[in-house]
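Visitor: Below is the structure I would like to discuss, written out as structure tokens.
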Amino acid sequence: MKITAAMIVFNGDHVLNESLASIYDYVDEILVAEGPVEFWQHQGCQTSSDKTNEILRDFHDPEKKLRVVHSQYHEKDEQFRSALSLMTTKTDYLLQVDSDEVWTYDSLKGLDKLLHEKSPISVGIHSNTFIGGFDRVISGFEEKTDNFLRVFKWEPSCGFVTHRPPTVVYADGNRTKGRGHVDSDEARDYYGISMCHYSYVWPTQVKSKIDYYRAKVSMQNCIPDFYESFWLPWTKTESLEKKWEIEAKILGMHEFQPEVRGPAFTKNFVGEHPVCISNSMNTLKLRLTSELGD
């Protein structure tokens with residue numbers, strides 16, 4: 001069974017190396033489209049200005065699995081299709097990976113078992129979505145069944161429709177989840193599959209995410225001052241009591257308005273970080289401390 005991983009990235013150096021390393025031994029090829037969509041182009045960006053390009057250039061790739069295209073894109077749908085255009089071999093499954101998503105060995109082992117046993121068309125994946133560090137994750141809608149679709153059967157005649165949510169269309173007209181779908185509850189409960197999503201950890205990362213989503217995706221659904229009034233003070237305080245007081249004001253810790261996403265309180269992470277994250281933990285924490293200080 002051959003598996004192709006595909007990723008889009010722009011200024012996503014936070015755990016990019018760890019993300020690529022976590023899947024390297026499991027997949028047959030990794031396709032990456034780097035560069036800004038129009039929102040960032042209008043702000044003068046032509047390519048990543050952090051260490052993203054350096055990481056992609058210097059990534060340890062003894063089996064020559066990694067292929068990268070650098071460009072500018074209208075939107076993320078076009079960017080992801082650009083990554084898929086790098087596919088050179090017939091593959092059985094497509095694994096979509098964001099640059100802030102990192103996998104454990106056990107989860108990939110469970111995914112391999114699931115794919116061999118059930119031959120699904122698509123698979124939903126539960127996310128451990130970290131916020132303000134490495135100890136707490138967001139509950140609520142972040143844990144909803146199939147909130148993240150990440151695995152798709154790949155056939156010669158199929159095509160990628162949209163990045164939001166990730167959707168593949170097949171020759172018979174069916175789309176993702178149209179047949180033979182394994183939802184994220186079954187994947188987690190019976191095969192031990194989940195991913196670690198380091199998506200709200202660092203100030204530069206969170207500020208960038210919020211600016212883009214507020215302008216192009218969620219707009220009026222976002223809390224206008226979430227970063228300054230909620231995420232930053234929540235992250236800077238070590239007091240769980242004060243964290244709770246902040247969360248109580250907006251029923252959780254997420255930039256979407258509570259009436260849109262429902263309660264999304266944080267909770268302690270129960271589990272283990274991927275080995276590549278554990279090995280980099282001191283460096284990752286130092287970056288968080290440094291960015292909070294700035």
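In the structure tokens, chains take the letters A, B, ... in the order shown, each chain's residues start at 1, and ligands count up from 1 in the order shown.
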Just want the 12 Å neighbourhood of A:Gly124, counted on only C-alpha atoms, with same-chain residues fewer than 6 positions away dropped. Output as a ChimeraX atom specification.
Guide: /A:95-96,111,114,143-152,165-167,176-177,180-188,193-195
Visitor: For stretch 138-242 of chain A versus stretch 276-286 of chain A, which residues have an atom no more than 12 Å away, and what is each residue's nearest atom pair and distance in Å rounded to one decimal, using only C-alpha atoms, chain-then-number order, as JSON lines?
Guide:
```
{"residue": "A:Cys196", "atom": "CA", "partner": "A:Ile277", "partner_atom": "CA", "distance": 9.7}
{"residue": "A:His197", "atom": "CA", "partner": "A:Ile277", "partner_atom": "CA", "distance": 11.3}
{"residue": "A:Tyr198", "atom": "CA", "partner": "A:Ile277", "partner_atom": "CA", "distance": 10.1}
{"residue": "A:Val201", "atom": "CA", "partner": "A:Lys285", "partner_atom": "CA", "distance": 9.6}
{"residue": "A:Trp202", "atom": "CA", "partner": "A:Leu284", "partner_atom": "CA", "distance": 9.2}
```
Visitor: Once you have the residues from the selection above, write them out as a short mmCIF file (atom, residue, chain, number, x, y, z; two decimals), in the first residue's frame, restricted to C-alpha atoms.
Guide:
```
data_model
loop_
_atom_site.label_atom_id
_atom_site.label_comp_id
_atom_site.auth_asym_id
_atom_site.auth_seq_id
_atom_site.Cartn_x
_atom_site.Cartn_y
_atom_site.Cartn_z
CA CYS A 196 -1.34 16.32 17.97
CA HIS A 197 -2.26 19.74 16.63
CA TYR A 198 0.05 22.54 17.84
CA VAL A 201 0.81 27.68 20.89
CA TRP A 202 3.02 30.60 19.78
#
```
Visitor: Listing only residues of stretch 31-117 of chain A within 12 Å of stretch 216-224 of chain A, what is the closest atom pair and its distance in Å (to one decimal) for each, using only C-alpha atoms, sorted by chain and residue number ascending, as a Markdown table?
Guide:
```
| residue | atom | partner | partner_atom | distance |
| --- | --- | --- | --- | --- |
| A:Val37 | CA | A:Lys216 | CA | 10.5 |
| A:Glu38 | CA | A:Lys216 | CA | 9.9 |
| A:Phe39 | CA | A:Lys216 | CA | 7.6 |
| A:Trp40 | CA | A:Lys216 | CA | 10.8 |
| A:His74 | CA | A:Lys216 | CA | 11.8 |
| A:Glu75 | CA | A:Lys216 | CA | 9.7 |
| A:Lys76 | CA | A:Lys216 | CA | 11.0 |
```
Visitor: Tell me, in Å to one decimal, how far atom CA of A:Phe256 is from atom CA of A:Ala83.
Guide: 29.0 Å
Visitor: I'd like the interatomic distance between atom CA of A:Ser99 and atom CA of A:Arg214, to a tenth of an Å.
Guide: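 Distance between the two atoms: 20.2 Å.
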Visitor: Identify all residues of stretch 200-281 of chain A in alpha helix (DSSP H) (DSSP on the backbone) and supply them as a PDB file with C-alpha atoms, in the first residue's frame.
Guide:
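Saved to part_25.pdb:
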```pdb
ATOM      1  CA  PRO A 203       2.093  34.313  19.511  1.00  0.00           C
ATOM      2  CA  THR A 204       3.355  34.695  15.924  1.00  0.00           C
ATOM      3  CA  GLN A 205       1.384  31.619  14.893  1.00  0.00           C
ATOM      4  CA  VAL A 206      -1.841  32.595  16.656  1.00  0.00           C
ATOM      5  CA  LYS A 207      -1.769  36.236  15.530  1.00  0.00           C
ATOM      6  CA  SER A 208      -1.243  35.186  11.911  1.00  0.00           C
ATOM      7  CA  LYS A 209      -4.012  32.582  12.058  1.00  0.00           C
ATOM      8  CA  ILE A 210      -6.501  35.026  13.568  1.00  0.00           C
ATOM      9  CA  ASP A 211      -5.676  37.811  11.092  1.00  0.00           C
ATOM     10  CA  TYR A 212      -6.238  35.487   8.135  1.00  0.00           C
ATOM     11  CA  PHE A 226      -9.424  37.572  21.024  1.00  0.00           C
ATOM     12  CA  LEU A 232      -2.354  36.532  25.426  1.00  0.00           C
ATOM     13  CA  PRO A 233      -3.359  37.037  29.079  1.00  0.00           C
ATOM     14  CA  TRP A 234      -4.527  33.407  29.300  1.00  0.00           C
ATOM     15  CA  THR A 235      -1.178  32.174  28.018  1.00  0.00           C
ATOM     16  CA  LYS A 236       0.899  34.487  30.169  1.00  0.00           C
ATOM     17  CA  LEU A 240      -5.417  27.885  36.536  1.00  0.00           C
ATOM     18  CA  GLU A 241      -7.901  29.999  38.485  1.00  0.00           C
ATOM     19  CA  LYS A 242      -7.111  33.062  36.358  1.00  0.00           C
ATOM     20  CA  LYS A 243      -7.184  30.962  33.201  1.00  0.00           C
ATOM     21  CA  TRP A 244     -10.644  29.778  34.162  1.00  0.00           C
ATOM     22  CA  GLU A 245     -11.817  33.359  34.801  1.00  0.00           C
ATOM     23  CA  ILE A 246     -10.706  34.339  31.286  1.00  0.00           C
ATOM     24  CA  GLU A 247     -12.315  31.301  29.685  1.00  0.00           C
ATOM     25  CA  ALA A 248     -15.586  31.895  31.546  1.00  0.00           C
ATOM     26  CA  LYS A 249     -16.012  35.238  29.768  1.00  0.00           C
ATOM     27  CA  ILE A 250     -16.178  33.605  26.309  1.00  0.00           C
ATOM     28  CA  PRO A 258     -19.200  31.286  21.615  1.00  0.00           C
ATOM     29  CA  GLU A 259     -22.645  31.396  19.995  1.00  0.00           C
ATOM     30  CA  VAL A 260     -21.027  30.084  16.803  1.00  0.00           C
ATOM     31  CA  ARG A 261     -18.846  27.298  18.194  1.00  0.00           C
ATOM     32  CA  VAL A 275       8.837  11.637  20.119  1.00  0.00           C
ATOM     33  CA  CYS A 276      10.074  14.359  17.780  1.00  0.00           C
ATOM     34  CA  ILE A 277       8.175  16.958  19.847  1.00  0.00           C
ATOM     35  CA  SER A 278       9.493  15.570  23.136  1.00  0.00           C
ATOM     36  CA  ASN A 279      13.037  15.709  21.728  1.00  0.00           C
ATOM     37  CA  SER A 280      12.536  19.364  20.728  1.00  0.00           C
ATOM     38  CA  MET A 281      10.528  20.422  23.767  1.00  0.00           C
TER      39      MET A 281
END
```
Visitor: Report as a list in words all protein, DNA and RNA residues lying within 10 Å of A:Val137, evaluated on only C-alpha atoms, omitting residues in the same chain fewer than 2 positions from it.
Guide: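 In the requested format, the answer is Ser127, Asn128, Thr129, Phe130, Ile131, Gly132, Gly133, Phe134, Asp135, Ser139, Glu142, Glu143, Cys196, His197, Tyr198, Tyr200, Met253, Ala264, Phe265, Thr266, Lys267, Asn268, Phe269 and Val270 of chain A.
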Visitor: Fewer than 5 positions away in the same chain doesn't count, so skip those; otherwise give me all residues within 7 Å of stretch 58-67 of chain A, counting only C-alpha atoms, as a list in words.
Guide: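 Non-adjacent residues within range: Asp28, Glu29, Ile30, Leu31, Val32 and Leu86 of chain A.
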Visitor: Kindly save the residues from that selection, with C-alpha atoms included, as a PDB file, in the first residue's frame.
Guide:
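Generated output (part.pdb):
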```
ATOM      1  CA  ASP A  28       5.992   7.004   0.300  1.00  0.00           C
ATOM      2  CA  GLU A  29       6.186  10.651  -0.716  1.00  0.00           C
ATOM      3  CA  ILE A  30       5.609  14.089   0.820  1.00  0.00           C
ATOM      4  CA  LEU A  31       4.337  16.890  -1.409  1.00  0.00           C
ATOM      5  CA  VAL A  32       4.563  20.473  -0.150  1.00  0.00           C
ATOM      6  CA  LEU A  86       3.874  17.012  -7.689  1.00  0.00           C
TER       7      LEU A  86
END
```
Visitor: Going by DSSP on the backbone, which residues of stretch 47-177 of chain A come out as strand (DSSP E or B)? List them as JSON, numbers by chain.
Guide: {"A": [66, 67, 68, 69, 70, 73, 93, 94, 95, 96, 101, 102, 122, 123, 124, 126, 127, 128, 129, 130, 131, 136, 137, 138, 149, 150, 151, 152, 153, 159, 160, 161, 162, 163, 166, 167, 168, 169, 175]}
Visitor: For the residues selected in the previous step, produce a file with C-alpha atoms as an mmCIF file, in the first residue's frame.
Guide:
```cif
data_model
loop_
_atom_site.group_PDB
_atom_site.id
_atom_site.type_symbol
_atom_site.label_atom_id
_atom_site.label_comp_id
_atom_site.auth_asym_id
_atom_site.auth_seq_id
_atom_site.Cartn_x
_atom_site.Cartn_y
_atom_site.Cartn_z
ATOM 1 C CA LEU A 66 10.086 15.258 -0.234
ATOM 2 C CA ARG A 67 9.063 17.409 -3.207
ATOM 3 C CA VAL A 68 8.364 21.124 -2.854
ATOM 4 C CA VAL A 69 6.861 23.811 -5.074
ATOM 5 C CA HIS A 70 7.209 27.515 -4.237
ATOM 6 C CA TYR A 73 -1.772 31.245 -4.873
ATOM 7 C CA TYR A 93 -4.209 6.904 -0.015
ATOM 8 C CA LEU A 94 -3.758 10.614 0.434
ATOM 9 C CA LEU A 95 -2.840 11.887 3.906
ATOM 10 C CA GLN A 96 -3.429 15.602 4.342
ATOM 11 C CA GLU A 101 0.116 18.680 12.959
ATOM 12 C CA VAL A 102 2.435 15.994 14.327
ATOM 13 C CA SER A 122 -12.064 8.390 3.928
ATOM 14 C CA VAL A 123 -11.109 8.659 7.591
ATOM 15 C CA GLY A 124 -11.805 11.339 10.179
ATOM 16 C CA HIS A 126 -9.483 13.362 16.269
ATOM 17 C CA SER A 127 -7.261 16.287 17.196
ATOM 18 C CA ASN A 128 -5.468 17.144 20.422
ATOM 19 C CA THR A 129 -5.469 20.899 19.797
ATOM 20 C CA PHE A 130 -2.862 22.552 22.015
ATOM 21 C CA ILE A 131 -3.171 26.123 23.182
ATOM 22 C CA ARG A 136 -3.687 22.017 27.725
ATOM 23 C CA VAL A 137 -5.944 21.322 24.761
ATOM 24 C CA ILE A 138 -9.228 22.791 23.519
ATOM 25 C CA LEU A 149 -10.886 14.858 7.679
ATOM 26 C CA ARG A 150 -7.359 13.823 6.833
ATOM 27 C CA VAL A 151 -7.251 10.478 4.968
ATOM 28 C CA PHE A 152 -8.717 9.792 1.510
ATOM 29 C CA LYS A 153 -8.679 6.873 -0.899
ATOM 30 C CA GLY A 159 -9.905 15.092 -7.761
ATOM 31 C CA PHE A 160 -9.466 17.480 -4.854
ATOM 32 C CA VAL A 161 -12.465 19.804 -4.521
ATOM 33 C CA THR A 162 -11.833 22.086 -1.572
ATOM 34 C CA HIS A 163 -9.564 22.577 1.428
ATOM 35 C CA PRO A 166 -10.988 18.773 2.773
ATOM 36 C CA THR A 167 -13.078 17.062 0.101
ATOM 37 C CA VAL A 168 -12.285 14.587 -2.663
ATOM 38 C CA VAL A 169 -14.658 13.698 -5.514
ATOM 39 C CA ARG A 175 -17.481 12.856 -2.421
#
```
Visitor: Expressed in Å to a single decimal, how great is the separation between atom CA of A:Cys45 and atom CA of A:Gln79?
Guide: 15.2 Å
Visitor: At a cut-off of 12 Å, using only C-alpha atoms, what residues contact A:Glu34? Leave out same-chain residues fewer than 2 positions from it and give the result as an MDAnalysis selection string.
Guide: chainID A and resid 6:13 16 31:32 36:37 46:49 51:57 67:73 76 78:83 98:99
Visitor: Name the residues in contact with A:Thr91 at a cut-off of 10 Å, using only C-alpha atoms, excluding same-chain residues fewer than 6 positions from it; report them as a PDB file with N, CA and C atoms, in the first residue's frame.
Guide:
```pdb
ATOM      1  N   MET A   1       0.841  -1.197   0.000  1.00  0.00           N
ATOM      2  CA  MET A   1       0.000   0.000   0.000  1.00  0.00           C
ATOM      3  C   MET A   1       0.879   1.250   0.000  1.00  0.00           C
ATOM      4  N   LYS A   2       0.597   2.166  -0.926  1.00  0.00           N
ATOM      5  CA  LYS A   2       1.355   3.400  -1.020  1.00  0.00           C
ATOM      6  C   LYS A   2       0.532   4.565  -0.478  1.00  0.00           C
ATOM      7  N   ILE A   3       1.203   5.423   0.273  1.00  0.00           N
ATOM      8  CA  ILE A   3       0.537   6.579   0.861  1.00  0.00           C
ATOM      9  C   ILE A   3       1.309   7.841   0.506  1.00  0.00           C
ATOM     10  N   THR A   4       0.578   8.839   0.028  1.00  0.00           N
ATOM     11  CA  THR A   4       1.150  10.144  -0.286  1.00  0.00           C
ATOM     12  C   THR A   4       0.668  11.155   0.741  1.00  0.00           C
ATOM     13  N   ASP A  28       5.101   7.258   1.434  1.00  0.00           N
ATOM     14  CA  ASP A  28       5.992   7.004   0.300  1.00  0.00           C
ATOM     15  C   ASP A  28       6.488   8.282  -0.346  1.00  0.00           C
ATOM     16  N   GLU A  29       5.743   9.356  -0.194  1.00  0.00           N
ATOM     17  CA  GLU A  29       6.186  10.651  -0.716  1.00  0.00           C
ATOM     18  C   GLU A  29       5.491  11.755   0.068  1.00  0.00           C
ATOM     19  N   LYS A 153      -9.049   7.821   0.154  1.00  0.00           N
ATOM     20  CA  LYS A 153      -8.679   6.873  -0.899  1.00  0.00           C
ATOM     21  C   LYS A 153      -8.389   7.667  -2.152  1.00  0.00           C
ATOM     22  N   TRP A 154      -7.291   7.319  -2.806  1.00  0.00           N
ATOM     23  CA  TRP A 154      -6.897   8.065  -4.006  1.00  0.00           C
ATOM     24  C   TRP A 154      -6.968   7.157  -5.219  1.00  0.00           C
ATOM     25  N   GLU A 155      -7.720   7.596  -6.204  1.00  0.00           N
ATOM     26  CA  GLU A 155      -7.899   6.839  -7.432  1.00  0.00           C
ATOM     27  C   GLU A 155      -7.501   7.706  -8.615  1.00  0.00           C
ATOM     28  N   PRO A 156      -7.113   7.107  -9.741  1.00  0.00           N
ATOM     29  CA  PRO A 156      -6.661   7.900 -10.901  1.00  0.00           C
ATOM     30  C   PRO A 156      -7.666   8.953 -11.358  1.00  0.00           C
TER      31      PRO A 156
END
```
Visitor: Considering only C-alpha atoms, state which residue in the set A:Arg179, A:Asp172, A:Tyr191, A:Val97 is at the smallest distance from A:Leu115.
Guide: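 Ranking A:Arg179, A:Asp172, A:Tyr191, A:Val97 by distance to A:Leu115, first place goes to A:Tyr191.
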Visitor: Using only C-alpha atoms, which of the listed residues (A:Glu272, A:Asp77, A:Asp189, A:Glu255) sits closest to A:Tyr227?
Guide: A:Glu255
